[in-house]
Amino acid sequence: MPAVTSPPPVPSRAEPTSAVISKEMLLSCDSIHQIPRSIQLPVVQVNTLSKQLSAEFTDVMNEIWANEAVRSAVLISSKPGSFIAGADLNMLEACKTAQEVTQLSQDGQKMLEKIENSPKPVVAAISGSCLGGGLEVAIACHYRVATKDRKTVLGTPEVLLGLLPGAGGTQRLPKMVGLPAAFDMMLTGRNIRADRAKKMGLVDQLVEPLGPGLKTPEARTIEYLEEVAIGFARGLANKTVSAKRSRGLMQRLTDYAMALPFVRQQVYKTVESKVQKQTKGLYPAPLKIIEVVKTGLDQGNDAGYLTEAQSFGQLAVTKESKALMGLYRGQVHCKKNKFGTPQKEVKTLAVLGAGLMGAGIAQVSVDKGIKTLLKDTAQKGLDRGQQQVYKGLNSKVKKKSMTSFERDSILSNLMGQLDYKGFEKADMVIEAVFEDINVKHKVLKEVEAVIPAHCIFASNTSALPISQIAAASKRPEKVIGMHYFSPVDKMQLLEIITTDKTSQDTAASAVAVGLKQGKVVIVVKDGPGFYTTRCLGPMLSEVVRVLQEGIDPKKVDAISTAFGFPVGAATLIDEVGVDVATHVAEDLGKAFGERFGGGSIDLFKLMVQKGFLGRKAGKGFYVYQEGVKNRSVNSGMDEILEKFRVPANPDVCSDEDIQMRLVTRFVNEAAMCLQEGILSSPVEGDIGAVFGLGFPPCLGGPFRFADSYGARQLVDKLRKYEAVYGSQFTPCQLLLDHASSPSKKFHQ
Amino acid sequence: MSSMLSSALRNLPVSSAWAAGALARSLSCSSQFQAAVQPKTKKTLGKTGVKNVVVVEGVRIPFLQSGTTYADLMPHDLARAALQGLLTRTSVPRDVVDYIVYGTVIQEVKTSNVAREAALGAGFSDKTPAHTVTMACISSNQAMTTGVGMIAAGQCDVVVAGGVELMSDVPIRHSRKMRKTMLTLNRAKTLGQKLSLISKIRPDYFAPELPAVAEFSTSETMGHSADRLAAAFGVSRQEQDEYALRSHTLAKKAQDEGLLQDVVPFKVPGKDTVTKDNGIRPSSMEQMGKLKPAFVKPYGTVTAANSSFLTDGASAILIMSEEKALAMGYKPKAYLRDFVYVSQDPKDQLLLGPTYATPKVLERAGLSLSDIDVFEFHEAFAGQILANLKAMDSDWFAQNYMGRKSKVGAPSLDKFNTWGGSLSLGHPFGATGCRLVITAAHRLKKEGGQYGLVAACAAGGQGHAMIVELYPQ
């Protein structure tokens with residue numbers, strides 16, 4: 001599709017999109033077969049798709065309009081699993097200027113307008129992802145029939161790439177589903193399942209997927225979808241079917257209210273303030289979307305379409321959009337297994353330790369069909385872990401994305417146990433026991449006594465070097481690190497750590513398991529703190545120093561979220577747990593020395609002593625109470641902060657300086673990881689930082705930020721702080737290299 | 001040995017049509033003797049060391065659309081009527097019956113062991129134990145095969161099996177919240193406690209809970225699944241309507257010609273005697289074509305007219321070991337031979353039980369599809385029957401889903417449900433199995449066949465098939 005907008009958040013990008021237009025005759029069924037019933041549009045390279053597909057599509061439509069025997073048409077994709085998953089990013093990135101992108105948008109608008117105004121009804125038969133430009137095509141048609149399966153999702157994910165629906169979507173969607181729902185779709189970019197889409201009025205009819213018949217379920221379902229769609233196309237042409245939807249009372253009332261300019265203004269205002277609050281003004285796309293919708297509704301279609309195309313062009317060249325697209329590409333990159341297919345698929349997984357992490361790992365494994373043994377040492381801990389898995393799955397039942405029967409049959413594959421029964425059949429063991437090298441060694445030895453020869457031992461640790469753990473192993477080639485992030489079922493990242501001795505097949509197997517669990521996987525070399533924990537270390541140390549300098553936790557949070565971090569820096573420490581942070585800071589401090597200094601570790605130690613362990617203890621920098629949303633600062637901290645108070649140098653304590661002190665230390669350490677070969681590529685560094693640590697997505701990760709901010713400027717800042725604080729801010733060689741040759745970029 | 005001998009003797013050729021059958025299977029008697037006595041018959045299916053089980057008689061009360069004449073009765077009343085009918089028809093002495101098994105699907109909570117309540121009321125000996133089984137639409141099949149097992153195991157000689165369903169009245173419950181409140185109320189001691197409990201009752205507590213004809217595992221109603229099944233096999237609305245029309249037409253003909261001998265009259269208290277099924281209504285394609293889809297709206301193909309209707313009814317069958325039947329002087333109607341139960345995916349293959357069960361039971365019996373003279377398949381939906389026929393006739397399906405090398409083949413419609421089926425006669429869930437077996441026996445006799453194949457699908461994605469062999473005349 002030309003000028004259609006965004007890519008899907010699924011890794012199907014590499015495959016070109018194909019579409020089939022099947023023509024429907026009003027003659028008998030037999031005569032349909034006498035002329036080619038469907039025309040397969042040529043599958044071409046996506047980056048040339050734009051003009052070529054547009055031409056082909058127009059040809060077919062012209063033929064449909066010209067042929068008197070054709071009374072209606074059905075638009076259907078021949079590829080199961082994808083209606084039209086959106087446009088190609090290359091096409092947008094190939095554009096040098098905003099004007100070029102605007103032109104693409106206008107071409108798309110024109111083509112879809114033609115479909116909308118077609119005298120012969122066009123029905124979209126949707127199976128699989130119908131996203132971005134695909135959705136815009138669908139809503140330009142006169143009627144939509146969609147298969148009600150999990151693969152069929154509709155949505156406008158453009159905002160997630162810093163764009164907006166640029167082929168008339170911003171104009172048609174509000175008319176179709178109402179203003180509030182349209183804003184929700186366009187501003188969140190969320191995927192909408194077919195049944196929900198039907199309720200919203202986004203599709204007109206649903207087709208249940210079929211089981212096996214005389215063909216595979218997939219093939220027959222597509223065929224059936226086409227048959228049903230043809231039935232409706234025929235009905236529309238005959239006027240026995242009306243495209244007008246019956247609207248419920250609520251919907252009619254809403255529509256009536258939205259027709260009043262006064263009410264609309266109120267809606268804009270509410271939505272705008274909500275967006276401002278959530279994005280802190282760091283993301284231009286949501287505000288543009290509101291503006292474009294507003295223009296269309298208040299000033300008419302022509303103005304609306306024009307603004308849409310222009311805004312689309314402007315957004316496409318923003319650095320935010322480039323950062324988000326980079327992340328999208330990185331995500332796709334990290335959904336591939338670069339080690340190839342493992343020799344043996346992991347069918348039985350054992351998880352040691354049923355704590356928050358262990359149970360989380362068990363949950364994301366067992367619901368993907370992996371038989372999972374969850375072992376703990378105490379019944380109470382095991383019960384808690386099993387309950388966590390149950391609760392996680394049951395919340396999906398409550399949201400109706402899973403049936404109670406599916407939940408039960410998934411849980412039947414989860415074995416909670418206190419002994420090593422069944423470990424002789426395990427293909428992989430992931431330990432998530434207490435972070436203490438002696439404990440890790442103990443379980444490693446116990447486990448190795450019972451597991452089969454091929455079984456992989458993975459350690460879920462956030463800081464202990466894997467080689468140190470593997471030292472106790474009889475077969476270090478089978479030992480690997482799998483660092484999950486909490487909560488496991490929500491956090492997308494998995495950091496896999498290989499040692500010099502880890503075999504390729506072990507790595508392949510760990511990545512395969514991670515991908516199966518739905519994770520975005522980065523693979524890094526072993527070292528203290530690996531990549532993610534290591535980057536976080538200096539930044540948190542700096543946070544402590546800032547606090548010591550007398551900035552209160554609320555202010556620290558405000559400053560960091562204003563920069564784009566989703567969680568404030570002080571809150572982050574509470575979330576991680578002060579005891580864990582202390583532990584990690586000590587370890588890393590020993591390994592890296594002065595560079596990881598800054599804040600006083602004794603402050604943490606005192607907090608631990610006082611029981612201010614963070615959220616899990618109910619008290620940290622803040623006080624946490626069940627059901628209380630606006631948490632207050634822990635007054636018990638005043639004394640501690642006072643005790644560790646250091647004088648602040650006003651030269652480096654403006655809000656911006658504080659932000660830069662946090663971020664430059666982060667970026668510097670990330671660059672050092674790349675320099676030392678811990679990281680194999682900047683892409684993985686960006687993905688790890690954004691998805692694991694909440695590095696501001698609008699900046700695209702530390703390496704993209706270094707590119708866009710400029711290595712030179714970054715080094716200047718580091719030097720400025722170095723002058724005040726010393727070697728903690730000494731820029732690494734790699735950054736210096738980039739700073740001295742401006743053409744050097746981490747991302748080309 | 002005497003029974004073996006008698007069994008062998010009964011295998012004398014009774015019809016020249018059987019002469020073509022090959023003697024492929026070793027018989028229950030010495031082959032020498034067999035070969036000498038009956039060279040030109042189809043083999044019989046008795047097995048060495050396994051008792052022959054025979055059907056002496058089977059009856060059913062007329063199957064009525066729910067909400068008609070039986071509307072005010074209770075399930076055990078219907079079962080009782082069938083049992084009494086069986087007693088009258090066979091004059092079997094009550095104390096001879098060793099055991100009674102009944103099948104039912106939607107249980108009346110007051111008579112959860114409906115077999116026992118019905119047997120007591122029907123005048124069976126109170127010394128005869130009775131239990132109730134449930135396996136959705138193959139509940140009475142399960143009742144019969146339970147009896148077969150008891151006889152084969154030498155535990156019983158005479159078993160009455162049957163099934164009952166009363167769809168005119170189903171248990172509608174209070175909501176769970178209300179039930180909980182009421183149960184807690186039982187335990188409340190003081191007036192204050194009681195009042196505080198009562199004060200917690202909210203309007204939504206009064207919303208009743210209806211039993212659904214839906215799969216518990218998938219929450220899909222059976223009609224919806226049937227519609228998807230028909231679509232999966234490309235069965236058109238027209239084909240379904242034609243098949244339903246055929247069922248009604250054939251049932252009407254059988255009824256008019258008096259072929260439905262298993263029906264026993266039932267004098268309903270306060271109402272007239274019911275003598276025949278009331279759901280047989282041959283219509284026209286035009287009339288049927290006007291109906292809107294009942295499940296997949298608005299474009300589905302399964303309608304009220306091409307589905308089986310909600311039915312009240314009961315059936316009962318008297319089965320015995322062959323020796324016992326002969327010793328008592330009965331002339332059995334048929335042998336109950338090999339049977340199988342199968343199960344498969346309850347979502348997409350909910351109603352494909354017959355497809356899976358048919359080749360399996362044929363294999364067990366050492367028969368091929370062409371050996372079968374009479375097919376009695378349970379017709380849940382016209383679309384379901386036609387989908388099964390297509391599945392049975394598909395090598396692709398056999399290879400990809402059943403793990404078989406090739407298809408079993410589709411039965412010829414000339415031999416298939418020629419006296420109507422569940423679509424027209426009605427389908428009281430728990431009672432249909434016995435109707436299928438006794439109809440197969442009657443048709444074998446009438447049409448001069450030897451083997452009948454009974455098959456049915458059931459909720460839960462299960463299925464059943466059994467070979468019925470005509471008792472030598």
# chains A, B, ... in the order shown; residues from 1 in each chain; ligands from 1
>>> interface_residues(of="chain B", to="chain A", cutoff="10 Å", atoms="only C-alpha atoms", output="PyMOL selection string")
chain B and resi 216-219+224-225+227-234+296-300+345+347-350+387-388+390-391+393-398+400-401
>>> residues_around(residues="Ala130 in chain B", least_positions_apart="5", cutoff="10 Å", atoms="only C-alpha atoms", output="ChimeraX atom specification")
/B:98-102,113-120,159-161
>>> select_by_dssp(residues="range 160-346 of chain B", states="strand (DSSP E)", output="ChimeraX atom specification")
/B:160-166,266-267,273-274,311-321,334-343
>>> write_last_selection(atoms="C-alpha atoms", output="PDB file, in the first residue's frame")
ATOM      1  CA  VAL B 160     -32.193 -53.513  31.628  1.00  0.00           C
ATOM      2  CA  ALA B 161     -30.568 -50.445  30.079  1.00  0.00           C
ATOM      3  CA  GLY B 162     -32.207 -47.268  28.975  1.00  0.00           C
ATOM      4  CA  GLY B 163     -32.144 -43.537  28.841  1.00  0.00           C
ATOM      5  CA  VAL B 164     -34.355 -40.596  29.594  1.00  0.00           C
ATOM      6  CA  GLU B 165     -34.449 -36.872  29.006  1.00  0.00           C
ATOM      7  CA  LEU B 166     -37.057 -34.281  29.872  1.00  0.00           C
ATOM      8  CA  PHE B 266     -47.947 -43.988  27.151  1.00  0.00           C
ATOM      9  CA  LYS B 267     -51.060 -42.986  29.041  1.00  0.00           C
ATOM     10  CA  THR B 273     -52.614 -41.787  25.594  1.00  0.00           C
ATOM     11  CA  VAL B 274     -49.658 -40.792  23.467  1.00  0.00           C
ATOM     12  CA  THR B 311     -37.242 -33.505  22.960  1.00  0.00           C
ATOM     13  CA  ASP B 312     -38.803 -35.361  25.873  1.00  0.00           C
ATOM     14  CA  GLY B 313     -38.608 -39.121  25.840  1.00  0.00           C
ATOM     15  CA  ALA B 314     -37.307 -42.331  27.312  1.00  0.00           C
ATOM     16  CA  SER B 315     -36.185 -45.701  26.074  1.00  0.00           C
ATOM     17  CA  ALA B 316     -35.461 -49.078  27.605  1.00  0.00           C
ATOM     18  CA  ILE B 317     -33.827 -52.208  26.330  1.00  0.00           C
ATOM     19  CA  LEU B 318     -33.601 -55.725  27.725  1.00  0.00           C
ATOM     20  CA  ILE B 319     -30.245 -57.372  27.245  1.00  0.00           C
ATOM     21  CA  MET B 320     -29.211 -60.824  28.347  1.00  0.00           C
ATOM     22  CA  SER B 321     -26.513 -63.371  27.950  1.00  0.00           C
ATOM     23  CA  ALA B 334     -29.754 -59.125  17.819  1.00  0.00           C
ATOM     24  CA  TYR B 335     -26.286 -59.561  19.188  1.00  0.00           C
ATOM     25  CA  LEU B 336     -24.484 -56.559  20.609  1.00  0.00           C
ATOM     26  CA  ARG B 337     -20.975 -56.970  19.236  1.00  0.00           C
ATOM     27  CA  ASP B 338     -17.868 -54.818  19.234  1.00  0.00           C
ATOM     28  CA  PHE B 339     -18.141 -51.250  20.398  1.00  0.00           C
ATOM     29  CA  VAL B 340     -15.766 -48.323  20.809  1.00  0.00           C
ATOM     30  CA  TYR B 341     -15.730 -44.957  22.466  1.00  0.00           C
ATOM     31  CA  VAL B 342     -13.612 -42.190  20.999  1.00  0.00           C
ATOM     32  CA  SER B 343     -12.881 -38.621  21.901  1.00  0.00           C
TER      33      SER B 343
END
>>> select_by_dssp(residues="range 124-335 of chain B", states="alpha helix (DSSP H)", output="MDAnalysis selection string")
chainID B and resid 139:152 176:187 191:199 222:232 237:256 285:289 322:327
